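Novice: So here's start-v6.txt, just compact mmCIF, C-alpha atoms and all ligand atoms:
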```txt
# COMPACT_ATOMS: atom_id res chain seq x y z
CA MET H 1 -22.70 -73.57 -18.18
CA ASP H 2 -23.34 -77.26 -18.91
CA ALA H 3 -22.66 -78.41 -22.45
CA PRO H 4 -25.66 -79.34 -24.60
CA SER H 5 -26.37 -83.08 -24.39
CA SER H 6 -26.06 -83.37 -28.21
CA LEU H 7 -22.35 -82.54 -27.97
CA THR H 8 -19.96 -85.30 -29.09
CA PRO H 9 -16.14 -85.24 -28.92
CA ASP H 10 -16.04 -84.84 -32.74
CA VAL H 11 -17.04 -81.19 -32.25
CA LEU H 12 -13.41 -80.59 -31.24
CA GLY H 13 -12.40 -81.07 -34.90
CA ALA H 14 -15.29 -79.03 -36.36
CA PRO H 15 -15.44 -75.29 -37.16
CA GLU H 16 -17.87 -74.53 -34.29
CA GLY H 17 -15.57 -76.33 -31.82
CA ILE H 18 -12.58 -74.36 -33.11
CA ALA H 19 -14.47 -71.06 -32.74
CA ASN H 20 -15.51 -72.01 -29.18
CA PRO H 21 -13.99 -75.23 -27.77
CA TYR H 22 -14.81 -74.46 -24.14
CA PRO H 23 -18.23 -76.18 -23.85
CA ALA H 24 -16.61 -79.35 -25.26
CA TYR H 25 -13.71 -79.14 -22.79
CA ARG H 26 -16.15 -78.85 -19.89
CA ALA H 27 -18.18 -81.79 -21.16
CA PHE H 28 -15.28 -84.13 -21.91
CA ARG H 29 -12.62 -83.34 -19.32
CA GLY H 30 -14.36 -85.82 -16.99
CA PRO H 31 -14.28 -88.83 -19.36
CA ASN H 32 -10.81 -87.67 -20.59
CA PRO H 33 -9.10 -88.79 -22.72
CA VAL H 34 -11.66 -88.92 -25.52
CA ARG H 35 -11.08 -89.95 -29.10
CA TYR H 36 -12.36 -87.59 -31.75
CA LEU H 37 -12.39 -87.11 -35.49
CA ARG H 38 -9.58 -84.62 -36.00
CA LEU H 39 -9.70 -84.41 -39.80
CA PRO H 40 -12.21 -86.03 -42.13
CA ALA H 41 -11.10 -87.54 -45.44
CA GLY H 42 -11.85 -85.50 -48.57
CA PRO H 43 -10.57 -82.85 -50.95
CA LEU H 44 -10.59 -80.08 -48.33
CA THR H 45 -8.22 -81.90 -46.03
CA GLY H 46 -6.41 -83.77 -48.81
CA ARG H 47 -6.65 -87.00 -46.78
CA THR H 48 -7.63 -90.37 -48.13
CA GLU H 49 -8.53 -91.61 -44.63
CA PRO H 50 -10.00 -89.76 -41.65
CA LEU H 51 -7.57 -88.83 -38.87
CA TYR H 52 -8.53 -89.56 -35.26
CA ALA H 53 -6.76 -88.32 -32.13
CA TRP H 54 -7.02 -88.77 -28.38
CA ALA H 55 -7.59 -85.46 -26.59
CA LEU H 56 -5.79 -85.01 -23.24
CA MET H 57 -7.65 -82.30 -21.35
CA ARG H 58 -6.68 -82.54 -17.68
CA HIS H 59 -3.82 -80.37 -16.43
CA ALA H 60 -2.15 -83.37 -14.74
CA ASP H 61 -2.33 -85.56 -17.87
CA VAL H 62 -1.06 -82.79 -20.15
CA LEU H 63 1.82 -82.09 -17.77
CA ALA H 64 2.77 -85.78 -17.55
CA ALA H 65 2.72 -86.15 -21.34
CA ILE H 66 4.83 -83.09 -22.16
CA ARG H 67 7.36 -84.11 -19.52
CA ASP H 68 7.78 -87.49 -21.21
CA PRO H 69 8.93 -86.89 -24.82
CA ALA H 70 10.27 -90.46 -25.00
CA THR H 71 6.68 -91.77 -24.80
CA PHE H 72 4.91 -88.81 -26.44
CA SER H 73 6.97 -88.09 -29.54
CA SER H 74 6.74 -84.82 -31.50
CA GLN H 75 7.54 -86.64 -34.73
CA THR H 76 4.01 -87.00 -35.96
CA PRO H 77 3.91 -88.59 -39.44
CA GLN H 78 0.11 -88.52 -39.49
CA VAL H 79 0.15 -84.72 -39.27
CA LEU H 80 3.17 -84.20 -41.50
CA LYS H 81 1.15 -85.55 -44.40
CA THR H 82 -0.74 -82.25 -44.39
CA ILE H 83 1.82 -79.68 -43.16
CA PRO H 84 5.58 -79.22 -43.74
CA LYS H 85 8.00 -80.44 -41.11
CA LEU H 86 8.93 -77.63 -38.74
CA ALA H 87 12.30 -77.58 -36.96
CA LEU H 88 12.17 -78.12 -33.17
CA LEU H 89 8.39 -78.46 -33.00
CA HIS H 90 8.52 -81.78 -34.91
CA ASP H 91 11.86 -83.00 -33.52
CA ASP H 92 12.64 -85.23 -30.54
CA PRO H 93 15.76 -85.30 -28.35
CA PRO H 94 18.68 -85.71 -28.93
CA HIS H 95 18.48 -83.94 -32.33
CA HIS H 96 16.06 -81.42 -30.83
CA THR H 97 18.56 -80.59 -28.07
CA HIS H 98 21.29 -79.64 -30.60
CA LEU H 99 18.98 -77.52 -32.71
CA ARG H 100 17.50 -75.78 -29.71
CA ARG H 101 20.94 -74.85 -28.40
CA LEU H 102 21.66 -73.23 -31.73
CA VAL H 103 18.82 -70.71 -31.59
CA SER H 104 18.31 -70.31 -27.86
CA LYS H 105 20.90 -67.50 -27.65
CA VAL H 106 19.08 -65.40 -30.24
CA PHE H 107 15.80 -65.76 -28.33
CA SER H 108 17.16 -65.50 -24.77
CA PRO H 109 15.24 -63.16 -22.41
CA GLN H 110 18.27 -60.77 -22.26
CA ARG H 111 18.64 -60.57 -26.04
CA ILE H 112 14.90 -60.08 -26.50
CA ALA H 113 14.75 -57.36 -23.83
CA SER H 114 17.33 -55.41 -25.87
CA LEU H 115 14.83 -55.26 -28.77
CA SER H 116 12.31 -53.34 -26.69
CA ASP H 117 12.99 -49.91 -28.24
CA TRP H 118 12.60 -50.86 -31.88
CA ILE H 119 9.53 -53.01 -31.15
CA SER H 120 8.03 -49.98 -29.38
CA ARG H 121 8.76 -47.86 -32.45
CA ILE H 122 6.85 -50.30 -34.69
CA ALA H 123 4.00 -50.36 -32.15
CA PHE H 124 3.78 -46.53 -32.14
CA GLU H 125 3.85 -46.36 -35.95
CA LEU H 126 0.89 -48.74 -36.10
CA LEU H 127 -0.92 -46.85 -33.33
CA ASP H 128 -0.40 -43.54 -35.12
CA SER H 129 -1.90 -44.86 -38.32
CA MET H 130 -4.89 -46.27 -36.41
CA GLY H 131 -5.73 -42.90 -34.86
CA LYS H 132 -8.65 -42.57 -32.42
CA GLY H 133 -12.19 -43.95 -32.70
CA SER H 134 -13.27 -47.10 -34.58
CA ALA H 135 -10.77 -49.62 -35.89
CA GLU H 136 -10.64 -53.24 -37.02
CA PHE H 137 -7.96 -54.13 -34.53
CA MET H 138 -6.68 -57.38 -36.10
CA SER H 139 -5.74 -55.96 -39.51
CA ALA H 140 -4.69 -52.54 -38.15
CA TYR H 141 -2.45 -53.79 -35.34
CA ALA H 142 -2.53 -57.39 -34.08
CA VAL H 143 -1.54 -58.97 -37.42
CA PRO H 144 1.16 -56.51 -38.58
CA LEU H 145 3.03 -56.08 -35.27
CA PRO H 146 4.37 -59.65 -34.78
CA MET H 147 4.76 -60.06 -38.53
CA ARG H 148 7.01 -57.03 -38.84
CA VAL H 149 9.00 -57.97 -35.73
CA ILE H 150 9.84 -61.52 -36.82
CA ALA H 151 10.31 -60.59 -40.48
CA THR H 152 12.79 -57.86 -39.50
CA MET H 153 14.70 -60.31 -37.28
CA LEU H 154 14.88 -62.75 -40.19
CA GLY H 155 15.85 -60.07 -42.69
CA VAL H 156 12.69 -60.27 -44.84
CA PRO H 157 11.96 -56.96 -46.62
CA ASP H 158 8.79 -54.96 -45.81
CA GLN H 159 7.08 -55.57 -49.14
CA ASP H 160 7.10 -59.34 -48.54
CA TYR H 161 5.17 -59.30 -45.22
CA PRO H 162 1.71 -59.85 -46.76
CA SER H 163 2.90 -63.00 -48.53
CA PHE H 164 4.20 -64.38 -45.25
CA LYS H 165 0.85 -63.86 -43.58
CA LEU H 166 -0.88 -65.82 -46.37
CA TRP H 167 1.69 -68.59 -46.26
CA SER H 168 1.54 -69.06 -42.51
CA GLU H 169 -2.28 -69.11 -42.60
CA ALA H 170 -2.12 -71.77 -45.30
CA VAL H 171 0.03 -74.05 -43.15
CA VAL H 172 -2.23 -73.97 -40.08
CA SER H 173 -5.69 -73.74 -41.69
CA TYR H 174 -6.68 -77.37 -42.33
CA ALA H 175 -10.37 -76.65 -42.32
CA GLY H 176 -10.38 -73.40 -44.22
CA MET H 177 -8.53 -73.97 -47.48
CA PRO H 178 -8.54 -76.83 -50.00
CA ALA H 179 -5.51 -79.10 -49.68
CA GLU H 180 -4.20 -78.26 -53.16
CA GLU H 181 -4.20 -74.53 -52.49
CA ARG H 182 -2.51 -75.11 -49.15
CA ALA H 183 0.20 -77.22 -50.78
CA ARG H 184 0.75 -74.56 -53.46
CA LYS H 185 1.15 -71.78 -50.87
CA THR H 186 3.51 -73.93 -48.79
CA GLN H 187 5.66 -74.57 -51.87
CA GLU H 188 5.72 -70.84 -52.63
CA MET H 189 6.99 -70.16 -49.12
CA MET H 190 9.67 -72.83 -49.34
CA ALA H 191 10.83 -71.53 -52.76
CA TYR H 192 11.01 -67.97 -51.42
CA LEU H 193 13.04 -69.14 -48.44
CA GLY H 194 15.34 -71.19 -50.68
CA GLN H 195 16.20 -68.06 -52.61
CA ALA H 196 16.70 -65.99 -49.45
CA ILE H 197 19.09 -68.65 -48.10
CA ALA H 198 21.07 -68.77 -51.38
CA GLU H 199 21.48 -64.97 -51.26
CA ARG H 200 22.76 -65.10 -47.65
CA ARG H 201 25.17 -67.93 -48.45
CA LYS H 202 26.72 -65.74 -51.15
CA GLN H 203 26.66 -62.58 -49.07
CA PRO H 204 25.83 -62.84 -45.34
CA ARG H 205 23.94 -59.96 -43.70
CA GLU H 206 23.13 -58.95 -40.12
CA ASP H 207 20.06 -61.16 -39.85
CA LEU H 208 18.87 -64.48 -38.50
CA ILE H 209 18.82 -66.29 -41.87
CA SER H 210 22.51 -65.38 -42.35
CA ALA H 211 23.30 -66.56 -38.81
CA LEU H 212 21.71 -69.94 -39.61
CA THR H 213 23.76 -70.34 -42.81
CA VAL H 214 26.99 -70.18 -40.79
CA ALA H 215 25.77 -72.11 -37.71
CA ASP H 216 26.85 -75.67 -37.10
CA VAL H 217 25.24 -78.55 -35.24
CA GLU H 218 27.81 -80.98 -33.85
CA GLY H 219 30.41 -79.78 -36.35
CA ALA H 220 28.11 -79.98 -39.41
CA ALA H 221 26.53 -77.02 -41.19
CA LEU H 222 22.75 -76.86 -41.49
CA SER H 223 21.41 -77.92 -44.90
CA ASP H 224 19.09 -75.64 -46.88
CA ALA H 225 16.16 -77.87 -45.96
CA GLU H 226 17.00 -77.54 -42.24
CA ILE H 227 17.31 -73.76 -42.47
CA ARG H 228 14.00 -73.56 -44.36
CA SER H 229 12.24 -75.55 -41.68
CA PHE H 230 13.81 -73.32 -38.98
CA VAL H 231 12.63 -70.14 -40.67
CA ALA H 232 9.22 -71.70 -41.31
CA VAL H 233 8.77 -72.57 -37.62
CA LEU H 234 9.63 -69.03 -36.54
CA LEU H 235 7.20 -67.54 -39.05
CA ILE H 236 4.43 -69.96 -38.29
CA ALA H 237 4.86 -70.37 -34.53
CA GLY H 238 5.64 -66.70 -33.99
CA ASN H 239 3.01 -64.80 -35.94
CA GLU H 240 -0.46 -66.23 -35.60
CA THR H 241 0.16 -66.98 -31.93
CA THR H 242 1.25 -63.50 -30.88
CA THR H 243 -1.48 -61.94 -33.05
CA ASN H 244 -4.04 -64.02 -31.18
CA LEU H 245 -2.62 -63.20 -27.75
CA ILE H 246 -2.87 -59.47 -28.48
CA GLY H 247 -6.32 -59.75 -30.07
CA ASN H 248 -7.78 -61.91 -27.28
CA MET H 249 -6.31 -59.55 -24.67
CA MET H 250 -7.87 -56.42 -26.17
CA ALA H 251 -11.27 -58.10 -26.62
CA ILE H 252 -11.30 -59.30 -23.01
CA LEU H 253 -10.40 -55.81 -21.77
CA ALA H 254 -12.99 -54.15 -24.02
CA ASP H 255 -15.59 -56.22 -22.15
CA ARG H 256 -14.20 -55.23 -18.72
CA PRO H 257 -13.96 -51.42 -18.47
CA GLU H 258 -13.14 -51.60 -14.74
CA LEU H 259 -9.98 -53.60 -15.50
CA TRP H 260 -8.96 -51.06 -18.15
CA ARG H 261 -9.37 -48.21 -15.62
CA GLN H 262 -7.46 -50.07 -12.92
CA ALA H 263 -4.59 -50.93 -15.26
CA ARG H 264 -4.35 -47.29 -16.41
CA GLU H 265 -3.86 -46.28 -12.78
CA ASP H 266 -1.57 -49.12 -11.79
CA ARG H 267 0.76 -50.59 -14.41
CA SER H 268 1.80 -53.46 -12.16
CA ARG H 269 -1.47 -55.02 -13.40
CA VAL H 270 -0.21 -55.33 -16.98
CA GLU H 271 1.80 -58.53 -16.56
CA PRO H 272 -0.82 -60.46 -14.55
CA ILE H 273 -3.41 -59.51 -17.21
CA ILE H 274 -1.21 -60.94 -19.99
CA GLU H 275 -0.59 -64.19 -18.06
CA GLU H 276 -4.31 -64.58 -17.37
CA VAL H 277 -5.09 -64.08 -21.10
CA LEU H 278 -2.60 -66.87 -21.87
CA ARG H 279 -4.52 -69.12 -19.47
CA TYR H 280 -8.09 -68.02 -20.12
CA GLU H 281 -8.01 -67.80 -23.94
CA SER H 282 -4.83 -69.69 -24.84
CA PRO H 283 -3.68 -68.70 -28.35
CA VAL H 284 -2.29 -72.23 -28.85
CA GLN H 285 -5.09 -74.61 -27.92
CA ARG H 286 -3.57 -77.98 -28.80
CA LEU H 287 -0.58 -79.67 -30.38
CA PRO H 288 -0.09 -83.31 -31.35
CA ARG H 289 2.17 -86.10 -30.17
CA VAL H 290 2.45 -89.78 -31.15
CA THR H 291 2.75 -92.57 -28.59
CA THR H 292 5.96 -94.60 -28.92
CA ARG H 293 4.63 -97.40 -26.67
CA PRO H 294 1.26 -98.48 -25.25
CA VAL H 295 0.14 -96.17 -22.40
CA ARG H 296 -2.77 -96.09 -20.00
CA ILE H 297 -4.36 -92.71 -19.26
CA GLY H 298 -7.28 -92.73 -16.82
CA ASP H 299 -9.31 -95.80 -17.80
CA VAL H 300 -8.16 -95.77 -21.39
CA ASP H 301 -5.49 -97.89 -23.04
CA ILE H 302 -3.82 -96.07 -25.90
CA ARG H 303 -1.87 -98.20 -28.34
CA GLU H 304 1.58 -97.45 -29.69
CA GLY H 305 1.63 -95.14 -32.72
CA GLU H 306 -1.61 -93.30 -31.93
CA LEU H 307 -2.09 -89.57 -32.29
CA VAL H 308 -2.59 -87.74 -28.99
CA ASP H 309 -3.56 -84.08 -28.79
CA ILE H 310 -2.10 -82.13 -25.90
CA VAL H 311 -5.00 -79.77 -25.26
CA TYR H 312 -3.31 -76.83 -23.56
CA GLY H 313 -6.50 -74.76 -23.79
CA ALA H 314 -8.45 -77.34 -21.75
CA ALA H 315 -5.68 -77.90 -19.18
CA ASN H 316 -5.66 -74.15 -18.60
CA ARG H 317 -9.34 -74.28 -17.60
CA ASP H 318 -9.01 -77.35 -15.38
CA PRO H 319 -10.84 -76.65 -12.08
CA ALA H 320 -8.43 -79.02 -10.29
CA VAL H 321 -5.74 -76.31 -10.65
CA PHE H 322 -7.63 -73.09 -11.41
CA GLU H 323 -10.51 -72.29 -9.09
CA ASP H 324 -13.53 -70.92 -10.95
CA PRO H 325 -11.62 -71.47 -14.23
CA ASP H 326 -14.15 -69.84 -16.54
CA THR H 327 -13.74 -66.45 -14.88
CA PHE H 328 -11.04 -64.02 -16.05
CA ARG H 329 -9.17 -63.12 -12.85
CA PRO H 330 -5.62 -61.69 -13.29
CA GLU H 331 -4.92 -61.83 -9.56
CA ARG H 332 -5.54 -65.58 -9.21
CA PRO H 333 -2.76 -67.21 -7.15
CA THR H 334 -2.25 -70.22 -9.47
CA ASN H 335 -1.91 -68.05 -12.56
CA HIS H 336 1.77 -69.05 -13.08
CA GLN H 337 0.74 -72.70 -13.53
CA HIS H 338 -0.84 -72.04 -16.92
CA LEU H 339 0.57 -74.03 -19.82
CA GLY H 340 -0.04 -71.42 -22.50
CA PHE H 341 3.58 -71.72 -23.69
CA GLY H 342 3.83 -75.47 -23.03
CA LEU H 343 6.54 -76.78 -20.69
CA GLY H 344 9.66 -78.94 -20.71
CA THR H 345 11.50 -79.91 -23.89
CA HIS H 346 9.32 -77.93 -26.29
CA TYR H 347 8.67 -74.93 -24.01
CA CYS H 348 8.01 -72.01 -26.33
CA LEU H 349 11.21 -70.54 -27.69
CA GLY H 350 9.43 -67.26 -28.40
CA ALA H 351 7.81 -66.78 -24.96
CA PRO H 352 10.01 -63.78 -23.97
CA LEU H 353 9.32 -62.14 -27.35
CA ALA H 354 5.57 -62.75 -27.23
CA ARG H 355 5.37 -61.42 -23.67
CA LEU H 356 7.39 -58.34 -24.62
CA GLU H 357 5.15 -57.56 -27.61
CA ALA H 358 2.03 -57.96 -25.47
CA ARG H 359 3.50 -55.74 -22.73
CA ILE H 360 4.54 -53.01 -25.17
CA THR H 361 1.09 -53.14 -26.77
CA LEU H 362 -0.94 -52.96 -23.59
CA SER H 363 1.22 -50.20 -22.08
CA ALA H 364 1.04 -48.12 -25.28
CA PHE H 365 -2.75 -48.43 -25.58
CA LEU H 366 -3.24 -47.68 -21.86
CA ASP H 367 -1.08 -44.55 -22.24
CA ARG H 368 -3.01 -43.32 -25.22
CA PHE H 369 -6.67 -44.26 -24.63
CA ALA H 370 -8.86 -43.55 -21.60
CA THR H 371 -11.51 -46.00 -22.82
CA LEU H 372 -11.65 -49.18 -24.85
CA GLU H 373 -14.94 -50.59 -26.12
CA ARG H 374 -16.26 -53.13 -28.61
CA GLY H 375 -17.29 -51.79 -32.03
CA VAL H 376 -20.84 -52.03 -33.37
CA GLU H 377 -20.12 -55.21 -35.35
CA PRO H 378 -19.30 -58.31 -33.24
CA GLY H 379 -15.83 -59.85 -33.33
CA VAL H 380 -15.45 -62.88 -35.62
CA ARG H 381 -13.55 -65.91 -34.32
CA GLN H 382 -11.40 -67.93 -36.70
CA ARG H 383 -12.92 -71.39 -37.35
CA ALA H 384 -10.28 -73.02 -39.57
CA ALA H 385 -7.12 -73.77 -37.53
CA GLN H 386 -7.52 -76.35 -34.74
CA VAL H 387 -4.26 -75.23 -33.17
CA SER H 388 -5.30 -71.62 -32.57
CA PHE H 389 -7.87 -69.59 -30.71
CA GLY H 390 -8.27 -66.03 -31.89
CA TYR H 391 -10.17 -63.47 -33.91
CA LYS H 392 -10.29 -62.98 -37.65
CA ALA H 393 -11.89 -59.58 -37.14
CA LEU H 394 -12.22 -57.52 -33.96
CA PRO H 395 -13.91 -54.11 -34.26
CA LEU H 396 -12.94 -51.84 -31.35
CA VAL H 397 -13.60 -48.22 -30.37
CA LEU H 398 -10.66 -46.39 -28.80
CA GLY H 399 -11.53 -43.24 -26.89
C1 LIG S 401 1.53 -65.76 -27.51
C2 LIG S 401 2.36 -66.25 -28.36
C3 LIG S 401 2.83 -67.67 -28.36
C4 LIG S 401 2.24 -68.79 -27.81
C5 LIG S 401 0.94 -68.87 -27.03
C6 LIG S 401 3.12 -69.90 -28.10
C7 LIG S 401 2.90 -71.19 -27.66
C8 LIG S 401 3.76 -72.24 -27.83
C9 LIG S 401 3.57 -73.57 -27.30
C10 LIG S 401 2.36 -74.04 -26.50
C11 LIG S 401 4.64 -74.32 -27.65
C12 LIG S 401 4.89 -75.77 -27.26
C13 LIG S 401 4.85 -76.68 -28.43
C14 LIG S 401 4.66 -78.14 -28.07
O1 LIG S 401 4.32 -78.46 -26.93
O2 LIG S 401 4.82 -78.98 -28.97
C15 LIG S 401 5.51 -73.47 -28.43
C16 LIG S 401 6.70 -73.86 -29.02
C17 LIG S 401 7.44 -73.05 -29.84
N1 LIG S 401 7.25 -71.70 -30.08
FE1 LIG S 401 5.80 -70.55 -29.37
N2 LIG S 401 4.19 -69.45 -28.81
C18 LIG S 401 4.06 -68.09 -28.99
C19 LIG S 401 4.93 -67.25 -29.63
C20 LIG S 401 6.08 -67.64 -30.26
C21 LIG S 401 7.02 -66.77 -30.93
C22 LIG S 401 6.90 -65.24 -30.99
C23 LIG S 401 7.99 -67.57 -31.47
C24 LIG S 401 9.21 -67.22 -32.26
C25 LIG S 401 9.55 -66.12 -32.71
C26 LIG S 401 7.67 -68.92 -31.11
C27 LIG S 401 8.42 -70.02 -31.45
C28 LIG S 401 8.22 -71.29 -30.96
C29 LIG S 401 9.08 -72.41 -31.32
C30 LIG S 401 10.27 -72.38 -32.25
C31 LIG S 401 8.58 -73.51 -30.61
C32 LIG S 401 9.13 -74.93 -30.63
C33 LIG S 401 10.09 -75.05 -29.47
C34 LIG S 401 10.68 -76.42 -29.35
O3 LIG S 401 10.09 -77.39 -29.83
O4 LIG S 401 11.78 -76.49 -28.78
N3 LIG S 401 6.52 -68.94 -30.35
N4 LIG S 401 4.95 -72.20 -28.51
```
I need this file expressed as structure tokens, please.
Ligand code: HEM
Specialist:
Amino acid sequence: MDAPSSLTPDVLGAPEGIANPYPAYRAFRGPNPVRYLRLPAGPLTGRTEPLYAWALMRHADVLAAIRDPATFSSQTPQVLKTIPKLALLHDDPPHHTHLRRLVSKVFSPQRIASLSDWISRIAFELLDSMGKGSAEFMSAYAVPLPMRVIATMLGVPDQDYPSFKLWSEAVVSYAGMPAEERARKTQEMMAYLGQAIAERRKQPREDLISALTVADVEGAALSDAEIRSFVAVLLIAGNETTTNLIGNMMAILADRPELWRQAREDRSRVEPIIEEVLRYESPVQRLPRVTTRPVRIGDVDIREGELVDIVYGAANRDPAVFEDPDTFRPERPTNHQHLGFGLGTHYCLGAPLARLEARITLSAFLDRFATLERGVEPGVRQRAAQVSFGYKALPLVLG
């Protein structure tokens, strides 16, 4: 499984490295950290200068960095030139702490567990319209489920879901869409949200956008811009990610019929399977930080103000923590040490929701289908968003 000798760290920023980053992780985890070309200059990226980043790929280095937000800041001006600022994700303590407190109640494990019935209803509706036999799983199920869940929580009407999918793709897809088009779609999203906020300010409803219009941080109300960046983070961090978790999970199981059979007989296997998918094919592969002071990592001196990528996907395959890391093994004892949802200050707010959606999905499909296989056409990995690992298309046969 050695990487080809022609491999350079720059592959991490290229479409083939996004579609399959694992050979590069294996090759460069040793010399970690490595500097790579994250985004070239040009009309596609909208950058006048290339953007370089240091990739942290060892579990220990990733853990140390995410536990030290004072040194590894989430305020990343280099990246915010190409995407809108997202609440929480691009904030540092102490402001982050106030904002996080505001929404943590809505996303608490108890509150999320109470949503189980209506999420199951959406899952069954989608399953019913898929029927039995061949299906393109991403468009029939993995994309619409999280989209409908988060849009309903926010109070976005059904007919607007497709626009949200396009907008969230535009924000994360550096390599797949010209910069101008991306900027236009981002503006459309922000204008739509501005109008939704104005409507709630006039007449509050029973939804999350209304709750944000009346919330206060340290005695002050949130501005429209703050609410927009809150809603944007939930849409962007909550959709693509959960879609990819569900898609990766079903593809892995389609390739392992014995696991499907075992899980049908013993549902205590469902949760360990989901955790191992989060480790083995992490939906969020990497997220950036900026150094606030000079730091030394391994043999490398990183200056202040440099972009550092926290490569969760590589840390989750680090043999120092996960024995035989390139094998999918739900019963592995160190499974709980995966960093698929990050850790510390920015630990994923939506982790209970994502886990619940994955659990409802797997249980419903196990109940309904004795067999799960790949379709005739191969699955197609997305090659545009460096952050994510998932399928654009995944043909499956449900029997
Ligand atoms: C399988 C699905 C998901 C994965 C793998 C995932 C992964 C992550 C990761 C790795 C982080 C850490 C960010 C960092 O280190 O900078 C994060 C943060 C975050 N996630 Fe998720 N996420 C998922 C689903 C969701 C959902 C469903 C939501 C919301 C509805 C959500 C909302 C957020 C937010 C708001 C943050 C920022 C938290 C903060 O900075 O305090 N995520 N997620």
Novice: To one decimal place in Å, what is the distance between CA of Gln262 (chain H) and CA of Leu396 (chain H)?
Specialist: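 Taking CA of Gln262 (chain H) as the start and CA of Leu396 (chain H) as the end point, the length is 19.3 Å.
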Novice: Chain H near ligand LIG 401 (chain S) within 8 Å: what's each residue's closest atom pair and its distance in Å to one decimal, counting only C-alpha atoms and all ligand atoms, ordered by chain then ascending residue number, as a Markdown table?
Specialist:
```
| residue | atom | partner | partner_atom | distance |
| --- | --- | --- | --- | --- |
| H:Ile66 | CA | S:LIG401 | O1 | 6.7 |
| H:Ser74 | CA | S:LIG401 | O2 | 6.6 |
| H:Ala87 | CA | S:LIG401 | C30 | 7.3 |
| H:Leu88 | CA | S:LIG401 | O3 | 4.0 |
| H:Leu89 | CA | S:LIG401 | O3 | 3.8 |
| H:His90 | CA | S:LIG401 | O3 | 6.9 |
| H:Asp91 | CA | S:LIG401 | O3 | 6.9 |
| H:His96 | CA | S:LIG401 | O4 | 6.8 |
| H:Thr97 | CA | S:LIG401 | O4 | 8.0 |
| H:Arg100 | CA | S:LIG401 | O4 | 5.8 |
| H:Phe107 | CA | S:LIG401 | C25 | 7.6 |
| H:Pro146 | CA | S:LIG401 | C22 | 7.2 |
| H:Ile150 | CA | S:LIG401 | C25 | 6.2 |
| H:Phe230 | CA | S:LIG401 | C30 | 7.7 |
| H:Val233 | CA | S:LIG401 | C30 | 5.6 |
| H:Leu234 | CA | S:LIG401 | C24 | 4.7 |
| H:Leu235 | CA | S:LIG401 | C25 | 6.9 |
| H:Ile236 | CA | S:LIG401 | C27 | 7.9 |
| H:Ala237 | CA | S:LIG401 | C26 | 4.7 |
| H:Gly238 | CA | S:LIG401 | C21 | 3.4 |
| H:Asn239 | CA | S:LIG401 | C22 | 6.3 |
| H:Glu240 | CA | S:LIG401 | C2 | 7.8 |
| H:Thr241 | CA | S:LIG401 | C2 | 4.3 |
| H:Thr242 | CA | S:LIG401 | C2 | 3.9 |
| H:Thr243 | CA | S:LIG401 | C1 | 7.4 |
| H:Asn244 | CA | S:LIG401 | C1 | 6.9 |
| H:Leu245 | CA | S:LIG401 | C1 | 4.9 |
| H:Ile246 | CA | S:LIG401 | C1 | 7.7 |
| H:Leu278 | CA | S:LIG401 | C5 | 6.6 |
| H:Ser282 | CA | S:LIG401 | C5 | 6.2 |
| H:Pro283 | CA | S:LIG401 | C5 | 4.8 |
| H:Val284 | CA | S:LIG401 | C5 | 5.0 |
| H:Gln285 | CA | S:LIG401 | C10 | 7.6 |
| H:Arg286 | CA | S:LIG401 | C10 | 7.5 |
| H:Leu287 | CA | S:LIG401 | O2 | 5.6 |
| H:Pro288 | CA | S:LIG401 | O2 | 7.0 |
| H:Arg289 | CA | S:LIG401 | O2 | 7.7 |
| H:Ile310 | CA | S:LIG401 | O1 | 7.5 |
| H:Tyr312 | CA | S:LIG401 | C10 | 7.0 |
| H:Leu339 | CA | S:LIG401 | C10 | 6.9 |
| H:Gly340 | CA | S:LIG401 | C5 | 5.3 |
| H:Phe341 | CA | S:LIG401 | C10 | 3.8 |
| H:Gly342 | CA | S:LIG401 | C10 | 4.0 |
| H:Leu343 | CA | S:LIG401 | O1 | 6.8 |
| H:Thr345 | CA | S:LIG401 | O4 | 6.0 |
| H:His346 | CA | S:LIG401 | O3 | 3.7 |
| H:Tyr347 | CA | S:LIG401 | C12 | 5.1 |
| H:Cys348 | CA | S:LIG401 | C16 | 3.5 |
| H:Leu349 | CA | S:LIG401 | C28 | 4.5 |
| H:Gly350 | CA | S:LIG401 | C23 | 3.4 |
| H:Ala351 | CA | S:LIG401 | C19 | 5.5 |
| H:Pro352 | CA | S:LIG401 | C22 | 7.8 |
| H:Leu353 | CA | S:LIG401 | C22 | 5.4 |
| H:Ala354 | CA | S:LIG401 | C22 | 4.7 |
| H:Arg355 | CA | S:LIG401 | C1 | 7.0 |
```
Novice: Between CA of Glu281 (chain H) and CA of Arg269 (chain H), what is the spacing in Å?
Specialist: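 Interatomic distance here is 17.8 Å.
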Novice: Quote the spacing between CA of Pro162 (chain H) and CA of Thr213 (chain H) in Å to one decimal place.
Specialist: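 A separation of 24.7 Å between them.
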Novice: Determine the nearest neighbour of Ala358 (chain H) from the options H:Val79, H:Val103, H:Ile274, H:Met177, counting all atoms listed in the file.
Specialist: H:Ile274
Novice: Give the answer as one residue: which of H:Thr361, H:Thr327, H:Asn32, H:Ser116 has the shortest atom-to-atom distance to Val311 (chain H), using all atoms listed in the file?
Specialist: H:Asn32
Novice: Can you tell me, as a list in words, what residues are no more than 8 Å from region 178-194 of chain H when counting only C-alpha atoms, ignoring any on the same chain fewer than 4 positions away?
Specialist: Pro43, Leu44, Thr45, Gly46, Thr82, Pro84, Phe164, Leu166, Trp167, Ala170, Val171, Tyr174, Ala198, Asp224, Arg228 and Val231 of chain H
